[in-house]
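Everything below belongs to model_39.cif, which stores mmCIF, C-alpha atoms.
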```
data_query
loop_
_atom_site.label_atom_id
_atom_site.label_comp_id
_atom_site.auth_asym_id
_atom_site.auth_seq_id
_atom_site.Cartn_x
_atom_site.Cartn_y
_atom_site.Cartn_z
CA LEU B 27 6.15 8.65 52.74
CA SER B 28 7.56 11.04 50.10
CA PHE B 29 10.72 11.57 52.16
CA ASN B 30 11.18 7.82 52.54
CA GLU B 31 10.71 7.42 48.79
CA TYR B 32 13.31 10.11 48.24
CA LEU B 33 15.81 8.27 50.43
CA ILE B 34 15.08 4.96 48.71
CA SER B 35 15.50 6.48 45.25
CA LYS B 36 18.68 8.29 46.32
CA TYR B 37 20.50 5.29 47.75
CA SER B 38 19.21 2.55 45.44
CA ASP B 39 21.61 1.24 42.81
CA PHE B 40 18.83 0.47 40.34
CA HIS B 41 15.28 1.69 39.85
CA VAL B 42 12.47 -0.53 38.57
CA VAL B 43 8.97 0.72 37.75
CA LEU B 44 5.76 -0.81 36.44
CA ASN B 45 5.14 1.47 33.48
CA GLU B 46 6.22 4.55 31.56
CA ARG B 47 3.99 6.82 33.66
CA ASP B 48 5.83 5.72 36.81
CA ALA B 49 9.15 6.25 35.04
CA ILE B 50 8.15 9.84 34.24
CA LEU B 51 7.11 10.45 37.87
CA LEU B 52 10.37 8.94 39.14
CA ARG B 53 12.34 11.33 36.94
CA LYS B 54 10.14 14.32 37.79
CA ASN B 55 9.98 13.81 41.55
CA TYR B 56 13.37 12.30 42.35
CA GLY B 57 15.59 13.00 39.34
CA LYS B 58 16.24 9.32 38.68
CA ASP B 59 15.86 7.33 35.48
CA ALA B 60 14.21 3.92 35.51
CA ASP B 61 16.62 1.09 34.78
CA LEU B 62 13.84 -1.38 34.03
CA ILE B 63 10.15 -1.22 33.23
CA ALA B 64 8.70 -4.52 34.45
CA PRO B 65 4.90 -4.75 34.10
CA ILE B 66 2.53 -6.68 36.34
CA ALA B 67 2.83 -10.45 36.12
CA ILE B 68 0.14 -12.84 37.35
CA GLU B 69 -0.03 -16.60 37.60
CA ASP B 70 -1.86 -18.30 34.75
CA LYS B 71 -5.06 -19.72 36.25
CA PHE B 72 -6.94 -20.00 33.00
CA ARG B 73 -8.89 -23.14 32.32
CA ARG B 74 -11.37 -23.33 29.50
CA GLU B 75 -14.42 -25.18 30.71
CA PRO B 76 -18.04 -25.18 29.53
CA PHE B 77 -19.26 -22.76 32.20
CA ARG B 78 -21.07 -20.48 29.74
CA ASP B 79 -24.79 -20.24 30.42
CA LYS B 80 -26.96 -21.47 27.57
CA VAL B 81 -28.85 -18.22 27.14
CA LYS B 82 -31.79 -18.58 24.78
CA ASP B 83 -31.72 -14.97 23.58
CA ASP B 84 -28.83 -12.78 22.44
CA THR B 85 -28.27 -11.11 25.81
CA ARG B 86 -24.62 -10.53 26.59
CA LEU B 87 -23.11 -10.82 30.05
CA ALA B 88 -20.71 -8.10 31.19
CA LEU B 89 -18.48 -8.63 34.23
CA PHE B 90 -16.92 -6.18 36.70
CA VAL B 91 -14.35 -7.60 39.13
CA GLY B 92 -12.91 -5.52 41.96
CA THR B 93 -12.96 -4.90 45.69
CA SER B 94 -15.02 -2.12 47.26
CA PHE B 95 -12.10 0.27 46.84
CA PHE B 96 -13.10 3.91 46.24
CA PRO B 97 -12.06 4.13 42.54
CA ASN B 98 -14.12 0.98 41.83
CA ILE B 99 -17.21 2.30 43.60
CA GLU B 100 -16.78 5.69 41.95
CA GLY B 101 -16.53 4.09 38.51
CA LEU B 102 -19.47 1.74 39.05
CA ARG B 103 -21.77 4.50 40.25
CA TRP B 104 -20.91 6.50 37.16
CA TYR B 105 -21.41 3.49 34.87
CA LEU B 106 -24.72 2.42 36.41
CA ASN B 107 -26.11 5.97 36.18
CA ARG B 108 -24.69 7.07 32.84
CA VAL B 109 -24.21 3.92 30.75
CA LYS B 110 -26.22 0.91 31.96
CA PRO B 111 -29.68 2.47 31.37
CA TYR B 112 -28.84 2.64 27.64
CA THR B 113 -27.60 -0.93 27.16
CA ASN B 114 -29.46 -4.23 27.08
CA ASP B 115 -26.74 -6.47 28.45
CA ARG B 116 -26.67 -8.10 31.86
CA LEU B 117 -24.00 -7.01 34.35
CA LEU B 118 -22.42 -9.10 37.09
CA ILE B 119 -20.44 -7.23 39.78
CA VAL B 120 -18.19 -9.30 42.02
CA GLY B 121 -15.50 -8.59 44.59
CA LYS B 122 -14.70 -8.42 48.28
CA GLY B 123 -17.01 -5.93 49.98
CA MET B 124 -19.20 -5.41 46.92
CA ASP B 125 -22.08 -7.19 48.65
CA ASN B 126 -22.30 -4.11 50.91
CA TYR B 127 -23.54 -2.23 47.85
CA LYS B 128 -26.08 -4.83 46.75
CA SER B 129 -29.10 -2.70 47.63
CA GLU B 130 -27.67 0.29 45.75
CA PHE B 131 -26.36 -1.47 42.64
CA SER B 132 -28.71 -4.41 42.08
CA SER B 133 -31.51 -4.27 39.55
CA GLU B 134 -33.36 -6.55 37.16
CA ASP B 135 -30.29 -6.87 34.93
CA VAL B 136 -27.51 -6.14 37.47
CA GLU B 137 -26.41 -8.83 39.94
CA VAL B 138 -23.97 -8.14 42.80
CA LEU B 139 -21.85 -10.73 44.58
CA GLY B 140 -19.25 -10.36 47.30
CA PHE B 141 -16.03 -12.32 47.65
CA VAL B 142 -15.83 -15.61 45.75
CA ASP B 143 -13.12 -18.26 46.11
CA ASP B 144 -12.76 -18.99 42.41
CA LEU B 145 -13.34 -16.40 39.70
CA ALA B 146 -12.76 -18.81 36.83
CA GLU B 147 -16.41 -19.75 36.41
CA LEU B 148 -17.53 -16.11 36.39
CA TYR B 149 -14.91 -15.11 33.83
CA ASN B 150 -15.83 -18.06 31.66
CA ARG B 151 -19.51 -17.13 31.77
CA ALA B 152 -18.85 -13.50 30.82
CA ASP B 153 -18.79 -12.17 27.27
CA TYR B 154 -16.64 -9.18 28.17
CA VAL B 155 -15.28 -7.22 31.12
CA ILE B 156 -15.97 -3.57 31.92
CA MET B 157 -13.46 -1.34 33.74
CA PRO B 158 -14.83 2.20 34.20
CA ILE B 159 -11.87 3.33 36.35
CA PHE B 160 -11.07 7.04 36.43
CA SER B 161 -8.45 7.34 39.19
CA GLY B 162 -5.53 5.43 40.65
CA GLY B 163 -1.88 4.74 39.94
CA GLY B 164 0.46 2.02 38.75
CA MET B 165 -1.20 -0.72 36.73
CA LYS B 166 -4.56 -2.40 37.19
CA THR B 167 -4.03 -6.08 37.99
CA LYS B 168 -7.62 -6.87 36.97
CA THR B 169 -6.83 -5.83 33.40
CA ALA B 170 -4.11 -8.48 33.16
CA GLU B 171 -6.45 -10.96 34.82
CA ALA B 172 -9.17 -10.33 32.24
CA PHE B 173 -6.68 -10.79 29.40
CA MET B 174 -5.47 -13.99 31.08
CA TYR B 175 -9.04 -15.30 30.96
CA ALA B 176 -9.24 -14.33 27.26
CA LYS B 177 -11.73 -11.52 27.75
CA THR B 178 -12.36 -8.41 25.72
CA VAL B 179 -12.08 -5.41 28.04
CA LEU B 180 -14.05 -2.17 27.73
CA GLY B 181 -12.16 0.27 29.90
CA THR B 182 -10.98 3.80 30.42
CA LYS B 183 -7.49 5.06 29.65
CA GLU B 184 -6.65 4.50 33.33
CA ALA B 185 -7.67 0.83 33.08
CA PHE B 186 -5.09 0.28 30.32
CA GLU B 187 -2.29 2.38 31.84
CA GLY B 188 0.97 0.46 31.46
CA TYR B 189 -0.44 -2.03 28.95
CA GLU B 190 1.56 -1.19 25.85
CA ASN B 191 0.54 -1.98 22.27
CA VAL B 192 -3.02 -3.04 23.07
CA ASN B 193 -5.59 -2.61 20.31
CA SER B 194 -9.32 -2.69 19.78
CA ASN B 195 -9.31 -6.40 18.96
CA PHE B 196 -9.38 -7.02 22.70
CA ALA B 197 -8.95 -3.68 24.54
CA ILE B 198 -11.59 -1.07 23.74
CA GLU B 199 -10.84 2.31 25.29
CA CYS B 200 -13.93 4.21 26.44
CA ASN B 201 -13.59 7.47 28.35
CA ASP B 202 -17.14 8.82 28.38
CA GLU B 203 -20.67 7.48 28.42
CA LYS B 204 -21.15 7.69 24.65
CA GLU B 205 -18.05 5.62 23.95
CA PHE B 206 -19.12 2.97 26.49
CA ILE B 207 -22.70 2.86 25.20
CA ASP B 208 -21.64 2.66 21.56
CA SER B 209 -19.08 -0.07 22.29
CA VAL B 210 -21.52 -2.20 24.29
CA ASN B 211 -24.20 -1.87 21.64
CA ILE B 212 -21.77 -2.84 18.88
CA ILE B 213 -20.87 -5.96 20.86
CA MET B 214 -24.56 -6.70 21.39
CA ARG B 215 -25.09 -6.78 17.62
CA GLN B 216 -22.23 -9.16 16.93
CA LYS B 217 -23.26 -12.73 16.21
CA GLN B 218 -20.04 -14.55 16.97
CA ASN B 219 -19.23 -16.03 20.36
CA MET B 220 -17.58 -13.36 22.52
CA ASN B 221 -16.72 -15.84 25.26
CA TYR B 222 -13.08 -16.41 24.23
CA ASN B 223 -10.88 -13.73 22.70
CA PRO B 224 -7.61 -15.23 21.42
CA PHE B 225 -6.04 -11.77 21.00
CA ALA B 226 -6.50 -11.01 24.70
CA ARG B 227 -5.11 -14.39 25.69
CA SER B 228 -2.07 -13.98 23.42
CA TYR B 229 -1.39 -10.51 24.83
CA TYR B 230 -1.36 -11.88 28.37
CA LEU B 231 1.02 -14.71 27.46
CA LEU B 232 3.44 -12.34 25.72
CA ASN B 233 3.35 -9.50 28.24
CA ASN B 234 1.91 -10.33 31.66
CA SER B 235 2.50 -14.02 32.25
CA LEU B 236 5.10 -15.03 34.83
CA ASP B 237 7.36 -16.44 32.11
CA SER B 238 7.27 -13.28 29.98
CA VAL B 239 8.06 -10.90 32.85
CA MET B 240 10.65 -13.25 34.30
CA HIS B 241 12.44 -13.08 30.95
CA LYS B 242 12.62 -9.28 31.31
CA TRP B 243 14.12 -9.66 34.77
CA GLN B 244 16.63 -12.26 33.60
CA SER B 245 17.78 -10.01 30.77
CA PHE B 246 18.10 -7.12 33.21
CA PHE B 247 20.22 -9.18 35.64
CA VAL B 248 22.44 -10.31 32.77
CA ASN B 249 22.93 -6.71 31.62
CA ILE B 250 23.99 -5.52 35.08
CA GLY B 251 26.29 -8.49 35.57
CA VAL B 252 24.42 -10.26 38.37
CA ILE B 253 24.08 -13.49 36.39
#
```
Rendering of file as structure tokens:
Amino acid sequence: LSFNEYLISKYSDFHVVLNERDAILLRKNYGKDADLIAPIAIEDKFRREPFRDKVKDDTRLALFVGTSFFPNIEGLRWYLNRVKPYTNDRLLIVGKGMDNYKSEFSSEDVEVLGFVDDLAELYNRADYVIMPIFSGGGMKTKTAEAFMYAKTVLGTKEAFEGYENVNSNFAIECNDEKEFIDSVNIIMRQKQNMNYNPFARSYYLLNNSLDSVMHKWQSFFVNIGVI
């Protein structure tokens, strides 16, 4: 694979990467500079509907979305052992293959689902999204998806890799158990509705919507004389 990547980088006229980290690796491994950094773009499937449960108490609902891919399982095991025992929120875990871990992950305040056809209802019910991801590469599509659904995200540095100029209004970086626990408990004490975060939604529209990324590509094609 590395040799094939070397040949591709050597004979390509232009080099496009997802983020600055990939640009650094391209330069380090193959001696090539990135001509364009084009982040992940996803289709806008957001619809704001009254899916939110009418919870009588102040319990918050956290959401984790991801397939049963090793970094997701690794992160969830860590979170459920090191963070969840010290928070009073509810957690919903959903994704293809996650139902195989139902017996391991489920508890009184943790629900596990497998694949679902439409995530919109689950995102709309959630107060925030957690992303305890410690390994991987590129960019995490689920981060853009959460922003698209106007969700505050509590995630590790890896979860926000490639998402430039995010801030704590909607992207709260947590890299150890104390930071996760403190952030969740701060959210638990807040009185306002956490269901819709306009800062997250605006970030998606400006950076990860199809229109915003297409504009980057159009400008790139103009600059190289293709259009």
Can you tell me, as a PyMOL selection string, which residues sit within 10 Å of (2.0, -11.4, 25.9) in the file's frame, using all atoms listed in the file?
chain B and resi 170+173-174+225-235+237-239
Find, counting all atoms listed in the file, the residue in B:Asp59, B:Glu199, B:Arg73, B:Pro111 that gets nearest to B:Glu46.
B:Asp59
Spatial sel., origin (11.7, 5.0, 38.7), limit 8 Å, all atoms listed in the file, listed as a PyMOL selection string
chain B and resi 35+41-43+48-53+58-61
Could you dump the residues just selected with C-alpha atoms as a PDB file, in the frame of the given file?
```pdb
ATOM      1  CA  SER B  35      15.500   6.480  45.250  1.00  0.00           C
ATOM      2  CA  HIS B  41      15.280   1.690  39.850  1.00  0.00           C
ATOM      3  CA  VAL B  42      12.470  -0.530  38.570  1.00  0.00           C
ATOM      4  CA  VAL B  43       8.970   0.720  37.750  1.00  0.00           C
ATOM      5  CA  ASP B  48       5.830   5.720  36.810  1.00  0.00           C
ATOM      6  CA  ALA B  49       9.150   6.250  35.040  1.00  0.00           C
ATOM      7  CA  ILE B  50       8.150   9.840  34.240  1.00  0.00           C
ATOM      8  CA  LEU B  51       7.110  10.450  37.870  1.00  0.00           C
ATOM      9  CA  LEU B  52      10.370   8.940  39.140  1.00  0.00           C
ATOM     10  CA  ARG B  53      12.340  11.330  36.940  1.00  0.00           C
ATOM     11  CA  LYS B  58      16.240   9.320  38.680  1.00  0.00           C
ATOM     12  CA  ASP B  59      15.860   7.330  35.480  1.00  0.00           C
ATOM     13  CA  ALA B  60      14.210   3.920  35.510  1.00  0.00           C
ATOM     14  CA  ASP B  61      16.620   1.090  34.780  1.00  0.00           C
TER      15      ASP B  61
END
```
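Shortest atom-to-atom contact with B:Ala172 among B:Asn30, B:Asn150, B:Ser94, B:Ser38: B:Asn150, counting only C-alpha atoms.
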Residue by residue, what does the PyMOL selection byres ((chain B and resi 179-195) around 10) grab here? Present the result as a PyMOL selection string.
chain B and resi 44-48+63-66+88-90+101+153-170+172-173+176-178+196-202+205-206+209-210+223-226+229-230+233-234
